[in-house]
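Data block below; observations after.
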Amino acid sequence: MSFLTIARWSPYVVGVGIGILSWISFFVSDKPIACSTTFAKASGMIERRFRGDEAAKKPYYEKIGLSVDWQWMLVTGLVMGSFLSAQLSGSFHLQPVPPLWEAAFGSSFLFRNLAALVGGMFIGFGARWADGCTSGHGISGTLQLALSSWVSAVFFFVGGIVTAALLFGLGG
Amino acid sequence: MKDAKETSKTSGSQLLWGLGIGLVFGFLLQKGGATQYDVIVGQLLLKDFTVLKIMLSAVVTGMLGIYAMKGRGWVTLHPKKGSVGKNVIGGLIFGVGFALLGYCPGTIAGAIGNGFLDAALGGLAGIFIGTGLFAALYPRLEKGILKVGDYGDITLPELLKVNDWAVVIPVTAGIVLFLAWLESLG
């Protein structure tokens, strides 16, 4: 079982594995693998905790439902699976700032987190606007050949490639 | 299969399946390096093609299996409804965040499991704020921009009015050739 303790696998092994996992997901649970709705639910649940049941009456929260469901468990499992994989290979470590960021923008933990906060806001807002993320549209939607997902996936990368070029062109 | 479809999505066994599928998904993403900021931003800077290799090989594998099972009536497709306003503008907004944050909603969960603190703190807080903001604006967006250029949940074979495999096979060939070309560049 030494392959479990290797730090990196070939991207093709990983990709084929995710593809097979999507067969299982459709066959057993009748659902595509997706993640981003769970973050909207969690955000709504946090808001409900602070502002009471009024918050849960927003049309968007009524539409998605503020409850722990299949996808919520998938995201929970994802954190655990990544932790397990990282532990087995000894690559788990508390990392304040990613190396590539540090090389371009310095080692400030606060600055990196501010950028991540703004980036996260765009990701959260954009994933809800497009109705999916890199997993729901980018993998599960494109493999079903859904038009909405192919358009979204292309524009995820157009937006990302242009922004990264500007960011690292200016800062790095 | 019929039973699984009729099972409520909050039933105990389905929740366990969700957890298990997530566990394997997280394991694979971490092994592939996709939980790392450097790998994701390296892709957006077109310096490291790991992310595209993972995604495209997942799409080819998934598509061949799902369409084969669909042909036998074993699975049902669930394409998402979309529109130009939704997918183009939403996609671009997402893309800006993709480059700034360096994780997406799936990989940030993996990054947290990997111990990356910018994911667990700033990134996660930002996603919660962003989704909350969208929920607040949703009633206004829903009737306006999200409806522009609506095309519903159409799939490419339906759009082109052809047999499923008339799209599956060329898309498979195109992706395999693209990946072979990427590898040939070294």
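Going by the structure tokens order, chains are called A, B, ..., each with residues numbered from 1, while ligands are numbered from 1 in the order shown.
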
I want to know what sits within 8 Å of Phe26 of chain A, based on only C-alpha atoms, with residues of the same chain fewer than 6 positions away left out; could you give that as a PyMOL selection string? (chain A and resi 32) or (chain B and resi 66+75-76)

Show which residues sit within 10 Å of Gly12 of chain B, as a VMD selection string. Count only C-alpha atoms, and ignore same-chain residues fewer than 5 positions away. (chain A and resid 69 to 70) or (chain B and resid 7 17 to 18)

Mind checking which residues fall within 10 Å of Val39 of chain B, counting only C-alpha atoms, ignoring those fewer than 2 positions away in the same chain, and posting them as a ChimeraX atom specification? /A:100 /B:32-37,41-45,47-51,102-103

Name the residues of segment 2-128 of chain B that come out as alpha helix (DSSP H) in a backbone DSSP run; write them as number ranges by chain. B: 2-6, 12-32, 37-44, 50-71, 84, 90-101, 105-113, 117-118, 124-128

Proximity to Gln95 of chain A - best of B:Met69, B:Val84, B:Cys104, B:Ala119, only C-alpha atoms: B:Ala119

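The shell of residues at most 7 Å from Ser135 of chain A, with only C-alpha atoms counted and near chain neighbours (fewer than 2 positions) removed, consists of Ile33, Ala34, Cys35, Cys133, His137, Gly138, Ile139 and Ser140 of chain A; Gly106 of chain B.
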
Can you spit out the residues from that selection as a PDB file, in the first residue's frame, using N, CA and C atoms?
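This is the output file again14.pdb:
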```
ATOM      1  N   ILE A  33     -21.184  15.307  -8.448  1.00  0.00           N
ATOM      2  CA  ILE A  33     -20.294  15.850  -7.418  1.00  0.00           C
ATOM      3  C   ILE A  33     -20.262  17.376  -7.544  1.00  0.00           C
ATOM      4  N   ALA A  34     -20.507  18.075  -6.462  1.00  0.00           N
ATOM      5  CA  ALA A  34     -20.489  19.535  -6.459  1.00  0.00           C
ATOM      6  C   ALA A  34     -20.233  20.015  -5.044  1.00  0.00           C
ATOM      7  N   CYS A  35     -19.803  21.261  -4.901  1.00  0.00           N
ATOM      8  CA  CYS A  35     -19.417  21.752  -3.577  1.00  0.00           C
ATOM      9  C   CYS A  35     -20.028  23.083  -3.175  1.00  0.00           C
ATOM     10  N   CYS A 133     -19.481  25.737  -9.418  1.00  0.00           N
ATOM     11  CA  CYS A 133     -18.059  26.070  -9.287  1.00  0.00           C
ATOM     12  C   CYS A 133     -17.232  25.138 -10.161  1.00  0.00           C
ATOM     13  N   HIS A 137     -19.765  22.745 -12.077  1.00  0.00           N
ATOM     14  CA  HIS A 137     -19.775  23.058 -13.508  1.00  0.00           C
ATOM     15  C   HIS A 137     -18.549  22.447 -14.191  1.00  0.00           C
ATOM     16  N   GLY A 138     -17.365  22.732 -13.630  1.00  0.00           N
ATOM     17  CA  GLY A 138     -16.092  22.427 -14.296  1.00  0.00           C
ATOM     18  C   GLY A 138     -15.867  20.957 -14.563  1.00  0.00           C
ATOM     19  N   ILE A 139     -16.290  20.089 -13.639  1.00  0.00           N
ATOM     20  CA  ILE A 139     -16.115  18.649 -13.860  1.00  0.00           C
ATOM     21  C   ILE A 139     -17.475  17.972 -14.104  1.00  0.00           C
ATOM     22  N   SER A 140     -18.375  18.054 -13.121  1.00  0.00           N
ATOM     23  CA  SER A 140     -19.631  17.292 -13.225  1.00  0.00           C
ATOM     24  C   SER A 140     -20.543  17.789 -14.346  1.00  0.00           C
TER      25      SER A 140
ATOM     26  N   GLY B 106     -14.316  23.666  -3.812  1.00  0.00           N
ATOM     27  CA  GLY B 106     -13.931  22.292  -3.494  1.00  0.00           C
ATOM     28  C   GLY B 106     -12.514  22.218  -2.955  1.00  0.00           C
TER      29      GLY B 106
END
```

Near Gly120 of chain A, within 12 Å and counting only C-alpha atoms, which residues show up once chain neighbours fewer than 2 positions away are dropped, as a PyMOL selection string? (chain A and resi 36+39+112-118+122-127) or (chain B and resi 93-105+108+118-133)

Can you pull out every residue within 10 Å of Leu88 of chain A, counting only C-alpha atoms, but drop anything in the same chain fewer than 2 positions away, and send it as a list in words?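 The residues that qualify are Ser2, Phe3, Leu4, Thr5, Ile6, Ala7, Ser82, Phe83, Leu84, Ser85, Ala86, Gly90, Ser91 and Phe92 of chain A.
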
For N, CA and C atoms, I'd like the residues from the last selection saved as a compact mmCIF listing (two decimals), in the first residue's frame.
```
# COMPACT_ATOMS: atom_id res chain seq x y z
N SER A 2 2.11 1.14 -0.49
CA SER A 2 3.02 2.28 -0.39
C SER A 2 2.56 3.46 -1.25
N PHE A 3 1.69 3.18 -2.23
CA PHE A 3 1.22 4.30 -3.07
C PHE A 3 0.42 5.32 -2.25
N LEU A 4 -0.14 4.87 -1.12
CA LEU A 4 -0.92 5.78 -0.29
C LEU A 4 -0.05 6.81 0.42
N THR A 5 1.22 6.48 0.58
CA THR A 5 2.10 7.38 1.33
C THR A 5 2.95 8.26 0.40
N ILE A 6 2.77 8.10 -0.90
CA ILE A 6 3.48 8.98 -1.85
C ILE A 6 2.81 10.36 -1.82
N ALA A 7 3.63 11.43 -1.89
CA ALA A 7 3.07 12.78 -1.78
C ALA A 7 2.22 13.16 -2.99
N SER A 82 -8.64 14.96 2.37
CA SER A 82 -7.41 15.68 2.10
C SER A 82 -6.46 15.58 3.30
N PHE A 83 -7.02 15.72 4.50
CA PHE A 83 -6.22 15.60 5.73
C PHE A 83 -5.57 14.22 5.81
N LEU A 84 -6.36 13.19 5.53
CA LEU A 84 -5.86 11.81 5.59
C LEU A 84 -4.72 11.61 4.59
N SER A 85 -4.95 12.08 3.35
CA SER A 85 -3.93 11.93 2.31
C SER A 85 -2.65 12.65 2.70
N ALA A 86 -2.82 13.90 3.22
CA ALA A 86 -1.65 14.69 3.60
C ALA A 86 -0.91 14.06 4.78
N GLY A 90 2.91 12.59 4.96
CA GLY A 90 3.71 13.52 5.76
C GLY A 90 3.73 14.92 5.19
N SER A 91 2.77 15.24 4.29
CA SER A 91 2.80 16.60 3.71
C SER A 91 1.83 17.55 4.41
N PHE A 92 1.20 17.08 5.50
CA PHE A 92 0.36 18.01 6.27
C PHE A 92 1.26 18.97 7.02
```

Rank A:Leu166, A:Ile161, A:Val13, A:Ala42 by their smallest atom-to-atom distance to Trp72 of chain A, using only C-alpha atoms, and report the top residue only. A:Ala42
